[in-house]
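K.L.:
The following file, final10.csv, comprises CSV, C-alpha atoms:
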```
chain,number,residue,atom,x,y,z
Q,145,MET,CA,11.7,31.1,-11.7
Q,146,ARG,CA,8.7,30.3,-9.5
Q,147,GLN,CA,8.6,27.1,-7.5
Q,148,GLY,CA,5.7,25.8,-9.6
Q,149,ASP,CA,7.8,26.3,-12.8
Q,150,VAL,CA,10.7,24.4,-11.3
Q,151,LEU,CA,8.4,21.6,-10.3
Q,152,ASP,CA,6.9,21.5,-13.8
Q,153,GLU,CA,10.3,21.3,-15.4
Q,154,LEU,CA,11.4,18.6,-12.9
Q,155,SER,CA,8.3,16.5,-13.6
Q,156,ARG,CA,9.1,16.6,-17.3
Q,157,ASN,CA,12.6,15.2,-16.8
Q,158,PRO,CA,12.8,11.7,-18.2
Q,159,ARG,CA,14.8,10.3,-15.3
Q,160,PRO,CA,12.4,8.6,-12.9
Q,161,SER,CA,14.2,9.7,-9.7
Q,162,VAL,CA,13.8,13.4,-10.7
Q,163,SER,CA,10.1,13.0,-11.5
Q,164,ARG,CA,9.5,11.2,-8.2
Q,165,ALA,CA,11.3,14.0,-6.4
Q,166,ALA,CA,9.1,16.5,-8.2
Q,167,LEU,CA,5.9,14.6,-7.3
Q,168,ALA,CA,7.0,14.3,-3.7
Q,169,ALA,CA,7.6,18.0,-3.5
Q,170,ARG,CA,4.3,18.9,-5.2
Q,171,TYR,CA,2.2,16.4,-3.2
Q,172,PRO,CA,3.7,15.9,0.3
Q,173,ALA,CA,0.5,14.4,1.7
Q,174,TRP,CA,0.6,11.6,-1.0
Q,175,GLY,CA,4.2,10.8,0.0
Q,176,LEU,CA,3.3,10.8,3.7
Q,177,ILE,CA,0.3,8.5,3.1
Q,178,THR,CA,2.3,6.1,1.0
Q,179,MET,CA,5.3,5.9,3.4
Q,180,SER,CA,3.0,5.5,6.4
Q,181,LEU,CA,1.3,2.6,4.5
Q,182,PHE,CA,4.7,1.0,4.0
Q,183,VAL,CA,5.8,1.4,7.7
Q,184,VAL,CA,2.4,0.4,9.2
Q,185,GLY,CA,2.2,-2.5,6.7
Q,186,LEU,CA,5.5,-3.9,7.8
Q,187,VAL,CA,4.7,-3.6,11.5
Q,188,VAL,CA,1.2,-5.1,11.0
Q,189,GLY,CA,2.6,-7.8,8.7
Q,190,PHE,CA,5.2,-8.8,11.3
Q,191,TRP,CA,2.8,-8.5,14.2
Q,192,SER,CA,0.1,-10.6,12.5
Q,193,LEU,CA,2.4,-13.6,12.2
Q,194,GLY,CA,1.8,-14.5,15.8
Q,195,PRO,CA,-2.0,-14.5,16.0
Q,196,LEU,CA,-2.4,-15.9,12.5
Q,197,GLY,CA,0.1,-18.6,13.0
Q,198,ALA,CA,-1.4,-19.6,16.3
Q,199,ALA,CA,-4.9,-19.7,14.7
Q,200,VAL,CA,-3.5,-22.0,11.9
Q,201,ASN,CA,-1.8,-24.3,14.5
Q,202,ALA,CA,-4.9,-24.5,16.7
Q,203,CYS,CA,-7.3,-25.7,14.0
Q,204,PRO,CA,-10.5,-26.4,15.9
Q,205,SER,CA,-12.1,-28.8,13.4
Q,206,PRO,CA,-10.8,-30.3,10.1
Q,207,GLY,CA,-13.9,-29.0,8.2
Q,208,LEU,CA,-12.9,-25.3,8.5
Q,209,ARG,CA,-11.3,-23.5,5.6
Q,210,ILE,CA,-8.3,-22.5,7.7
Q,211,CYS,CA,-7.5,-26.2,8.3
Q,212,VAL,CA,-6.7,-26.7,4.6
Q,213,PRO,CA,-2.9,-26.8,4.2
Q,214,LYS,CA,-2.9,-24.5,1.1
Q,215,VAL,CA,-4.9,-21.9,3.0
Q,216,HIS,CA,-2.4,-21.8,5.8
Q,217,ALA,CA,0.3,-20.1,3.8
Q,218,MET,CA,-2.1,-17.7,2.2
Q,219,VAL,CA,-3.6,-16.5,5.5
Q,220,VAL,CA,-0.2,-15.9,7.0
Q,221,ALA,CA,1.1,-14.1,3.9
Q,222,LEU,CA,-2.0,-12.1,3.2
Q,223,PRO,CA,-1.2,-9.0,5.3
Q,224,VAL,CA,2.1,-8.5,3.6
Q,225,ALA,CA,0.7,-9.2,0.2
Q,226,ALA,CA,-2.1,-6.7,0.9
Q,227,MET,CA,0.6,-4.1,1.9
Q,228,ILE,CA,2.4,-4.7,-1.4
Q,229,ALA,CA,-0.9,-4.4,-3.4
Q,230,GLY,CA,-1.8,-1.3,-1.5
Q,231,LEU,CA,1.5,0.3,-2.2
Q,232,ALA,CA,1.1,-0.6,-5.9
Q,233,VAL,CA,-2.3,1.1,-5.9
Q,234,SER,CA,-1.0,4.2,-4.2
Q,235,ILE,CA,2.1,4.6,-6.3
Q,236,VAL,CA,0.9,3.5,-9.7
Q,237,GLY,CA,-2.6,4.9,-9.3
Q,238,GLY,CA,-1.2,8.1,-7.9
Q,239,ARG,CA,1.1,8.6,-10.9
Q,240,ILE,CA,-1.9,7.9,-13.3
Q,241,VAL,CA,-4.1,10.4,-11.4
Q,242,VAL,CA,-1.3,13.0,-11.6
Q,243,LYS,CA,-1.2,12.6,-15.4
Q,244,LEU,CA,-4.9,13.4,-15.3
Q,245,ARG,CA,-4.1,16.7,-13.4
Q,246,ARG,CA,-5.7,15.6,-10.2
Q,247,SER,CA,-4.4,15.1,-6.7
Q,248,PRO,CA,-2.9,11.6,-6.0
Q,249,VAL,CA,-4.0,11.6,-2.4
Q,250,VAL,CA,-7.2,9.6,-3.3
Q,251,ALA,CA,-5.0,6.9,-4.7
Q,252,GLY,CA,-3.0,6.8,-1.4
Q,253,TRP,CA,-6.2,6.3,0.6
Q,254,LEU,CA,-7.3,3.6,-1.8
Q,255,GLY,CA,-4.0,1.9,-1.2
Q,256,TRP,CA,-4.8,2.0,2.5
Q,257,LEU,CA,-8.3,0.6,1.8
Q,258,VAL,CA,-6.7,-2.4,-0.1
Q,259,PHE,CA,-4.3,-3.0,2.8
Q,260,ALA,CA,-7.1,-2.9,5.4
Q,261,ALA,CA,-9.3,-5.2,3.4
Q,262,GLY,CA,-6.5,-7.7,3.0
Q,263,VAL,CA,-5.6,-7.7,6.7
Q,264,ALA,CA,-9.3,-8.1,7.6
Q,265,ALA,CA,-9.7,-10.9,5.1
Q,266,ALA,CA,-6.7,-12.7,6.7
Q,267,PHE,CA,-8.2,-12.4,10.2
Q,268,VAL,CA,-11.7,-13.5,9.0
Q,269,LEU,CA,-10.2,-16.6,7.2
Q,270,ALA,CA,-8.3,-17.4,10.4
Q,271,GLY,CA,-11.5,-17.2,12.4
Q,272,LEU,CA,-10.1,-14.4,14.6
Q,273,LEU,CA,-12.8,-11.7,13.6
```
As structure tokens, please, write out the structure in this file.
P.N.:
Amino acid sequence: MRQGDVLDELSRNPRPSVSRAALAARYPAWGLITMSLFVVGLVVGFWSLGPLGAAVNACPSPGLRICVPKVHAMVVALPVAAMIAGLAVSIVGGRIVVKLRRSPVVAGWLGWLVFAAGVAAAFVLAGLL
């Protein structure tokens, strides 16, 4: 059996872990993009707690949007929420794209775009960008 035949058979297996393994073997770039999003997202999410928390605590004037108490929690949690949304786009979108017989790498990069937009939005709302 050729490697492609084995991968086709693995991808038709109803057990999710086997089909994920087949997808990872067939599209290693997609797996690398998704895992790097997870790792970088955790690091950025943890790192952003310092500057975003400091921006919230040093509210320059009460009229700014960041000074609203409900916005505080959203701004601090936004980078991690953006990472989770980006991972969902990468994983779910990638699996949908694979069913359409296309490469899921585009879905991985869209997940990165969602993450970058969420982190940028958090820093803009905090007044740091």
K.L.:
Within 10 Å of Val250 in chain Q, counting all atoms listed in the file, which residues show up once you throw out same-chain ones fewer than 2 positions away? Write them as number ranges by chain, please.
P.N.:
Q: 174, 177, 234, 237-238, 241, 246-248, 252-256
K.L.:
Using C-alpha atoms, can you write the selected residues to a file as a short mmCIF file (atom, residue, chain, number, x, y, z; two decimals), in the coordinates of the input?
P.N.:
```
data_model
loop_
_atom_site.label_atom_id
_atom_site.label_comp_id
_atom_site.auth_asym_id
_atom_site.auth_seq_id
_atom_site.Cartn_x
_atom_site.Cartn_y
_atom_site.Cartn_z
CA TRP Q 174 0.60 11.60 -1.00
CA ILE Q 177 0.30 8.50 3.10
CA SER Q 234 -1.00 4.20 -4.20
CA GLY Q 237 -2.60 4.90 -9.30
CA GLY Q 238 -1.20 8.10 -7.90
CA VAL Q 241 -4.10 10.40 -11.40
CA ARG Q 246 -5.70 15.60 -10.20
CA SER Q 247 -4.40 15.10 -6.70
CA PRO Q 248 -2.90 11.60 -6.00
CA GLY Q 252 -3.00 6.80 -1.40
CA TRP Q 253 -6.20 6.30 0.60
CA LEU Q 254 -7.30 3.60 -1.80
CA GLY Q 255 -4.00 1.90 -1.20
CA TRP Q 256 -4.80 2.00 2.50
#
```
K.L.:
If you count only C-alpha atoms, which residues fall within 9 Å of Ala260 in chain Q, apart from same-chain ones fewer than 5 positions away, as a CSV table (one decimal) with C-alpha atoms, keeping the file's coordinate frame?
P.N.:
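What follows is the written file around31.csv:
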```
chain,number,residue,atom,x,y,z
Q,223,PRO,CA,-1.2,-9.0,5.3
Q,226,ALA,CA,-2.1,-6.7,0.9
Q,227,MET,CA,0.6,-4.1,1.9
Q,230,GLY,CA,-1.8,-1.3,-1.5
Q,255,GLY,CA,-4.0,1.9,-1.2
Q,265,ALA,CA,-9.7,-10.9,5.1
```
K.L.:
Need the axis-aligned box for range 215-224 of chain Q with 4 Å each side, so what are the centre and edges in Å to one decimal, as lines of an AutoDock Vina configuration file?
P.N.:
```
center_x = -1.4
center_y = -15.2
center_z = 4.6
size_x = 15.0
size_y = 21.4
size_z = 12.8
```
K.L.:
List the neighbours of range 187-203 of chain Q out to 10 Å using all atoms listed in the file; skip same-chain residues closer than 2 positions along the sequence, and give me the result as a PyMOL selection string.
P.N.:
chain Q and resi 181-185+205-213+215-217+219-227+263+266-267+269-272
K.L.:
Please, what distance in Å, to one decimal, runs between CA of Arg170 in chain Q and CA of Val249 in chain Q?
P.N.:
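Going from CA of Arg170 in chain Q over to CA of Val249 in chain Q covers 11.4 Å.
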